[in-house]
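A short worksheet on the structure shown next.
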Amino acid sequence: MTFDDLRVFVAVCQAGSLSAVARDLSCTQSAVSQHVKRLERATGVRLLERRPRGVVPTPEGLVLQAAAREGLAGLDSALRRLGELARGEAGSVRVTTGSTTVRHFMSEAVVAFRERHPEASLEFRTETSSRSCFDALAEGSVDLAWVTIGGPVRGVEQRPVVELAWVLAVRADDPLARRSSLTAADLAGIRHIRLPENSSSRAHLDTAFARLGVHLTSDTGVADWDTAILLAELGVGHAVVPSLPGQGARGGPLRFLPLPDLPPLPVGWAVRRWDALTPLARTFADMVGHQR
């Protein structure tokens with residue numbers, strides 16, 4: 001059993017396909033299969049089950065997958081740090097987040113971090129959902145993930161930073177714009193611009209509407225919060241979005257009306273382990289927290 005065997009096995013479990021991993025690694029499917037077979041001989045159990053559209057880990061395979069992902073992520077982090085020390089580099093911080101997060105939540109922290117640590121590398125990786133951010137953490141490709149805080153996630157620690165109230169983005173010439181705030185019942189009949197598919201913020205909002213018995217008609221979906229706000233500005237519909245920093249002061253043709261009936265959306269950091277973060281990663285996380 002080698003580290004390469006474990007890496008290939010984890011990749012197969014994630015992709016659900018031997019051939020897909022073979023393409024990614026520029027090798028043959030037989031070579032990928034040999035890695036898995038070596039692990040099966042070493043463990044004495046079957047690790048993968050063939051399905052019509054690929055493979056899935058067996059119950060025993062799931063146990064090994066979880067342990068291997070945890071161990072490989074820690075090893076990769078250590079090797080990266082050792083490489084930086086050997087090359088005399090100041091270190092790096094790798095962050096994954098949604099497409100609009102850096103501007104809304106991290107702009108001041110990025111400037112302050114650059115001024116304090118000019119030799120350090122600050123890298124951002126865009127993901128489309130909190131689930132994708134958690135996967136990036138699990139595989140060890142990032143240090144920090146800015147996510148919608150939700151239920152427990154195995155192998156991940158979450159820390160709320162701020163709670164975002166919900167508002168309705170509506171054009172100033174819309175009759176609703178005359179109101180100082182709205183109830184959930186006031187939203188009946190609006191042309192709703194839905195938040196991104198499979199996003200945690202959309203799930204949070206849909207759950208809140210269901211509990212309040214509110215059913216919205218929607219014929220438009222978007223990829224991120226900013227696009228929803230832009231479409232509302234263009235008169236395509238009404239967008240229920242989180243109240244973002246500086247949003248109310250932007251002026252223009254839009255109004256952002258509070259929706260106090262809806263529970264706030266908690267957002268913040270997720271990491272594999274807080275006590276295993278590098279000093280640089282912890283510094284950046286703290287700077288973002290202080291920006292709020």
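Scheme for the structure tokens: letters A, B, ... for chains in order shown; per-chain residue numbers from 1; ligand numbers from 1 in order shown.
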
Taking only residues of stretch 65-153 of chain A that have an atom at most 9 Å from an atom of stretch 195-199 of chain A, what is each one's shortest atom pair and its distance in Å to one decimal, using only C-alpha atoms, in chain and number order, as a Markdown table?
```
| residue | atom | partner | partner_atom | distance |
| --- | --- | --- | --- | --- |
| A:Thr128 | CA | A:Ser199 | CA | 7.3 |
| A:Ser129 | CA | A:Ser199 | CA | 5.0 |
| A:Ser130 | CA | A:Ser199 | CA | 6.8 |
| A:Arg131 | CA | A:Ser199 | CA | 8.2 |
| A:Thr148 | CA | A:Ser199 | CA | 8.8 |
```

Please provide the set of residues having any atom within 8 Å of stretch 156-172 of chain A, restricted to only C-alpha atoms, with same-chain residues fewer than 4 positions apart removed, written as a PyMOL selection string.
chain A and resi 134+137-138+149+152+176-177+229+232-233+235+237-244+253-260+262-274+289+292

File of the preceding selection, N, CA and C atoms, as a tab-separated table (two decimals), in the first residue's frame:
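Wrote out33.tsv, looks like this:
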```
chain	number	residue	atom	x	y	z
A	134	PHE	N	-16.53	22.61	0.96
A	134	PHE	CA	-16.21	21.56	1.92
A	134	PHE	C	-15.37	20.47	1.25
A	137	LEU	N	-11.83	21.61	1.00
A	137	LEU	CA	-11.16	21.48	2.29
A	137	LEU	C	-10.75	20.04	2.55
A	138	ALA	N	-11.67	19.12	2.28
A	138	ALA	CA	-11.42	17.70	2.57
A	138	ALA	C	-10.24	17.17	1.76
A	149	ILE	N	-23.02	29.05	6.91
A	149	ILE	CA	-22.90	28.15	8.04
A	149	ILE	C	-24.18	27.33	8.17
A	152	PRO	N	-23.67	20.29	10.93
A	152	PRO	CA	-22.33	19.71	11.04
A	152	PRO	C	-21.91	19.03	9.74
A	176	LEU	N	-44.05	48.55	-4.23
A	176	LEU	CA	-43.53	48.05	-2.97
A	176	LEU	C	-42.43	48.93	-2.39
A	177	ALA	N	-41.78	49.72	-3.24
A	177	ALA	CA	-40.66	50.54	-2.79
A	177	ALA	C	-41.08	51.61	-1.80
A	229	ILE	N	-29.38	40.80	-8.04
A	229	ILE	CA	-29.58	42.23	-7.80
A	229	ILE	C	-29.60	42.99	-9.13
A	232	ALA	N	-32.90	42.49	-10.86
A	232	ALA	CA	-33.93	43.29	-10.21
A	232	ALA	C	-33.83	44.75	-10.64
A	233	GLU	N	-32.62	45.23	-10.77
A	233	GLU	CA	-32.40	46.62	-11.22
A	233	GLU	C	-32.90	46.82	-12.65
A	235	GLY	N	-35.43	45.39	-13.89
A	235	GLY	CA	-36.87	45.22	-13.92
A	235	GLY	C	-37.34	43.84	-14.30
A	237	GLY	N	-37.51	41.25	-12.32
A	237	GLY	CA	-38.30	40.70	-11.23
A	237	GLY	C	-37.83	41.26	-9.91
A	238	HIS	N	-38.19	40.57	-8.82
A	238	HIS	CA	-37.81	40.97	-7.47
A	238	HIS	C	-36.85	39.93	-6.91
A	239	ALA	N	-35.81	40.38	-6.23
A	239	ALA	CA	-34.81	39.47	-5.69
A	239	ALA	C	-34.79	39.53	-4.17
A	240	VAL	N	-34.97	38.37	-3.54
A	240	VAL	CA	-34.77	38.26	-2.09
A	240	VAL	C	-33.33	37.83	-1.89
A	241	VAL	N	-32.52	38.73	-1.32
A	241	VAL	CA	-31.08	38.49	-1.19
A	241	VAL	C	-30.61	38.87	0.21
A	242	PRO	N	-29.44	38.38	0.62
A	242	PRO	CA	-28.88	38.82	1.89
A	242	PRO	C	-28.48	40.30	1.81
A	243	SER	N	-28.57	40.98	2.93
A	243	SER	CA	-28.14	42.37	3.00
A	243	SER	C	-26.63	42.40	3.08
A	244	LEU	N	-25.98	42.83	2.01
A	244	LEU	CA	-24.53	42.78	1.92
A	244	LEU	C	-23.91	44.08	2.41
A	253	PRO	N	-31.26	53.11	-8.84
A	253	PRO	CA	-32.70	52.87	-9.01
A	253	PRO	C	-33.26	51.78	-8.10
A	254	LEU	N	-32.45	51.17	-7.25
A	254	LEU	CA	-32.93	50.07	-6.43
A	254	LEU	C	-33.17	50.50	-4.98
A	255	ARG	N	-34.12	49.82	-4.36
A	255	ARG	CA	-34.35	49.93	-2.93
A	255	ARG	C	-34.19	48.54	-2.33
A	256	PHE	N	-33.68	48.49	-1.10
A	256	PHE	CA	-33.50	47.22	-0.40
A	256	PHE	C	-34.36	47.25	0.86
A	257	LEU	N	-35.47	46.54	0.82
A	257	LEU	CA	-36.47	46.60	1.88
A	257	LEU	C	-36.29	45.44	2.85
A	258	PRO	N	-36.17	45.69	4.15
A	258	PRO	CA	-35.97	44.62	5.14
A	258	PRO	C	-37.12	43.62	5.15
A	259	LEU	N	-36.77	42.37	5.41
A	259	LEU	CA	-37.74	41.28	5.55
A	259	LEU	C	-37.53	40.64	6.92
A	260	PRO	N	-38.01	41.29	7.98
A	260	PRO	CA	-37.72	40.81	9.34
A	260	PRO	C	-38.34	39.46	9.68
A	262	LEU	N	-37.92	36.79	8.05
A	262	LEU	CA	-37.01	35.72	7.64
A	262	LEU	C	-35.82	35.65	8.58
A	263	PRO	N	-35.44	34.46	9.04
A	263	PRO	CA	-34.27	34.32	9.92
A	263	PRO	C	-33.00	34.68	9.16
A	264	PRO	N	-32.05	35.33	9.83
A	264	PRO	CA	-30.82	35.76	9.14
A	264	PRO	C	-30.00	34.59	8.63
A	265	LEU	N	-29.14	34.91	7.68
A	265	LEU	CA	-28.28	33.90	7.05
A	265	LEU	C	-26.89	33.98	7.68
A	266	PRO	N	-26.48	32.95	8.41
A	266	PRO	CA	-25.14	32.98	9.01
A	266	PRO	C	-24.06	32.58	8.01
A	267	VAL	N	-23.00	33.37	7.92
A	267	VAL	CA	-21.88	33.06	7.03
A	267	VAL	C	-20.59	33.19	7.82
A	268	GLY	N	-19.56	32.52	7.35
A	268	GLY	CA	-18.29	32.58	8.06
A	268	GLY	C	-17.29	31.57	7.52
A	269	TRP	N	-16.34	31.20	8.37
A	269	TRP	CA	-15.24	30.35	7.95
A	269	TRP	C	-15.50	28.88	8.22
A	270	ALA	N	-14.97	28.05	7.34
A	270	ALA	CA	-14.89	26.61	7.57
A	270	ALA	C	-13.45	26.19	7.32
A	271	VAL	N	-12.95	25.32	8.17
A	271	VAL	CA	-11.59	24.80	8.04
A	271	VAL	C	-11.61	23.32	8.41
A	272	ARG	N	-10.53	22.64	8.11
A	272	ARG	CA	-10.44	21.24	8.55
A	272	ARG	C	-10.23	21.20	10.06
A	273	ARG	N	-9.27	21.95	10.56
A	273	ARG	CA	-9.04	22.07	12.01
A	273	ARG	C	-8.44	23.43	12.30
A	274	TRP	N	-9.06	24.16	13.22
A	274	TRP	CA	-8.54	25.48	13.56
A	274	TRP	C	-7.14	25.40	14.15
A	289	GLY	N	-12.62	38.71	9.88
A	289	GLY	CA	-13.55	38.84	10.98
A	289	GLY	C	-13.60	40.26	11.53
A	292	ARG	N	-15.68	43.02	9.62
A	292	ARG	CA	-17.14	43.08	9.73
A	292	ARG	C	-17.60	44.18	10.66
```

Contacts of A:Gly61 at 9 Å (only C-alpha atoms; same-chain gap of 5+ positions) as a list in words
Cys13, Val45, Arg46, Leu47, Leu48, Val56 and Ala66 of chain A

Determine, for each residue of stretch 119-173 of chain A having at least one atom at most 9 Å from an atom of stretch 97-104 of chain A, the closest pair of atoms and their separation in Å to one decimal, counting only C-alpha atoms; order by chain and ascending number, as JSON lines.
```
{"residue": "A:Phe124", "atom": "CA", "partner": "A:Thr97", "partner_atom": "CA", "distance": 7.5}
{"residue": "A:Arg125", "atom": "CA", "partner": "A:Thr97", "partner_atom": "CA", "distance": 6.6}
{"residue": "A:Thr126", "atom": "CA", "partner": "A:Thr97", "partner_atom": "CA", "distance": 5.3}
{"residue": "A:Glu127", "atom": "CA", "partner": "A:Gly98", "partner_atom": "CA", "distance": 5.3}
{"residue": "A:Thr128", "atom": "CA", "partner": "A:Gly98", "partner_atom": "CA", "distance": 5.8}
{"residue": "A:Ser129", "atom": "CA", "partner": "A:Gly98", "partner_atom": "CA", "distance": 6.9}
{"residue": "A:Ser130", "atom": "CA", "partner": "A:Thr97", "partner_atom": "CA", "distance": 7.9}
{"residue": "A:Cys133", "atom": "CA", "partner": "A:Thr97", "partner_atom": "CA", "distance": 6.7}
{"residue": "A:Leu144", "atom": "CA", "partner": "A:Thr97", "partner_atom": "CA", "distance": 8.6}
{"residue": "A:Ala145", "atom": "CA", "partner": "A:Thr97", "partner_atom": "CA", "distance": 5.8}
{"residue": "A:Trp146", "atom": "CA", "partner": "A:Thr97", "partner_atom": "CA", "distance": 5.0}
{"residue": "A:Val147", "atom": "CA", "partner": "A:Thr97", "partner_atom": "CA", "distance": 6.7}
```

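Near A:Pro118, within 12 Å and counting only C-alpha atoms, sit Glu89, Ala90, Gly91, Ser92, Val110, Val111, Ala112, Phe113, Arg114, Leu122 and Leu280 of chain A, not including residues fewer than 4 positions from it in the same chain.
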
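Our summary of the geometry notes that atom CA of A:Val288 is positioned 24.3 Å from atom CA of A:Ala73.
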
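Using only C-alpha atoms, the nearest neighbour of A:Leu212 within the list A:Asp4, A:Glu123, A:Asp186, A:Glu60 is A:Asp186.
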
Produce a table with one row for each residue of stretch 48-156 of chain A that has an atom at most 12 Å from any atom of stretch 6-11 of chain A, each row naming the nearest atom pair and its distance in Å at one decimal; use only C-alpha atoms; arrange rows by chain and rising residue number; format as a Markdown table.
```
| residue | atom | partner | partner_atom | distance |
| --- | --- | --- | --- | --- |
| A:Leu48 | CA | A:Phe9 | CA | 9.2 |
| A:Val55 | CA | A:Phe9 | CA | 11.2 |
| A:Val56 | CA | A:Phe9 | CA | 10.8 |
| A:Pro57 | CA | A:Phe9 | CA | 9.4 |
| A:Gly61 | CA | A:Phe9 | CA | 9.1 |
| A:Leu62 | CA | A:Val10 | CA | 9.6 |
| A:Val63 | CA | A:Val10 | CA | 11.2 |
| A:Leu64 | CA | A:Leu6 | CA | 8.7 |
| A:Gln65 | CA | A:Val10 | CA | 5.7 |
| A:Ala66 | CA | A:Val10 | CA | 8.6 |
| A:Ala67 | CA | A:Leu6 | CA | 9.7 |
| A:Ala68 | CA | A:Leu6 | CA | 6.3 |
| A:Arg69 | CA | A:Val10 | CA | 6.8 |
| A:Glu70 | CA | A:Val10 | CA | 10.5 |
| A:Gly71 | CA | A:Leu6 | CA | 9.7 |
| A:Leu72 | CA | A:Arg7 | CA | 7.5 |
| A:Ala73 | CA | A:Arg7 | CA | 10.1 |
| A:Leu75 | CA | A:Arg7 | CA | 11.5 |
| A:Asp76 | CA | A:Arg7 | CA | 11.0 |
| A:Asp135 | CA | A:Val10 | CA | 11.9 |
| A:Ala138 | CA | A:Val10 | CA | 10.8 |
| A:Glu139 | CA | A:Val10 | CA | 9.0 |
| A:Gly140 | CA | A:Arg7 | CA | 11.8 |
```

How about saving the chosen residues, C-alpha atoms kept, as an mmCIF file, in the first residue's frame?
```cif
data_model
loop_
_atom_site.group_PDB
_atom_site.id
_atom_site.type_symbol
_atom_site.label_atom_id
_atom_site.label_comp_id
_atom_site.auth_asym_id
_atom_site.auth_seq_id
_atom_site.Cartn_x
_atom_site.Cartn_y
_atom_site.Cartn_z
ATOM 1 C CA LEU A 48 -15.362 -0.659 -4.939
ATOM 2 C CA VAL A 55 -18.191 2.595 -9.500
ATOM 3 C CA VAL A 56 -19.073 3.480 -5.907
ATOM 4 C CA PRO A 57 -17.217 2.661 -2.698
ATOM 5 C CA GLY A 61 -14.395 1.519 0.904
ATOM 6 C CA LEU A 62 -16.182 4.450 2.527
ATOM 7 C CA VAL A 63 -14.233 3.835 5.741
ATOM 8 C CA LEU A 64 -10.923 3.868 3.865
ATOM 9 C CA GLN A 65 -11.943 6.852 1.733
ATOM 10 C CA ALA A 66 -12.694 8.993 4.795
ATOM 11 C CA ALA A 67 -9.453 8.043 6.537
ATOM 12 C CA ALA A 68 -7.369 8.466 3.388
ATOM 13 C CA ARG A 69 -8.786 11.923 2.604
ATOM 14 C CA GLU A 70 -8.062 13.066 6.142
ATOM 15 C CA GLY A 71 -4.529 11.704 6.167
ATOM 16 C CA LEU A 72 -3.593 12.844 2.667
ATOM 17 C CA ALA A 73 -4.880 16.364 3.268
ATOM 18 C CA LEU A 75 0.276 15.253 4.632
ATOM 19 C CA ASP A 76 -0.118 17.575 1.652
ATOM 20 C CA ASP A 135 -14.932 19.126 -0.712
ATOM 21 C CA ALA A 138 -11.421 17.702 2.572
ATOM 22 C CA GLU A 139 -9.021 17.131 -0.324
ATOM 23 C CA GLY A 140 -6.537 19.610 1.184
#
```

Please identify all polymer residues within 8 Å of stretch 21-23 of chain A, counting only C-alpha atoms, omitting same-chain residues fewer than 3 positions from it, and present them as a list of chain:residue names.
A:Val8, A:Ala11, A:Val12, A:Ala15, A:Ser17, A:Leu18, A:Ser26, A:Cys27, A:Thr28, A:Gln29, A:Ala31, A:Val32

Just list as a PyMOL selection string whatever in stretch 20-261 of chain A DSSP marks as alpha helix (DSSP H).
chain A and resi 20-25+29-43+59-87+101+107-116+130-138+200-212+225-233

Please indicate the distance in Å from atom CA of A:Phe209 to atom CA of A:Ile193, rounded to one decimal place.
14.2 Å

My list of candidates is A:Val93, A:Gly74, A:Glu49, A:Pro59. Which is closest to A:Thr278 when distances are computed with only C-alpha atoms?
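Closest residue, counting only C-alpha atoms: A:Val93.
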
What is the atom CA of A:Met1-atom CA of A:Arg41 distance in Å, reported with one decimal?
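That distance, rounded to one decimal, is 8.8 Å.
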
Counting only C-alpha atoms, which of A:Arg53, A:Val236, A:Ala184, A:Pro279 gets nearest to A:Leu205?
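When distances to A:Leu205 are compared using only C-alpha atoms, the smallest one comes from A:Ala184.
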
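The nearest approach to A:Ser107 among the residues A:Gly16, A:Gly150, A:Gly252, A:Pro245, with only C-alpha atoms taken into account, belongs to A:Pro245.
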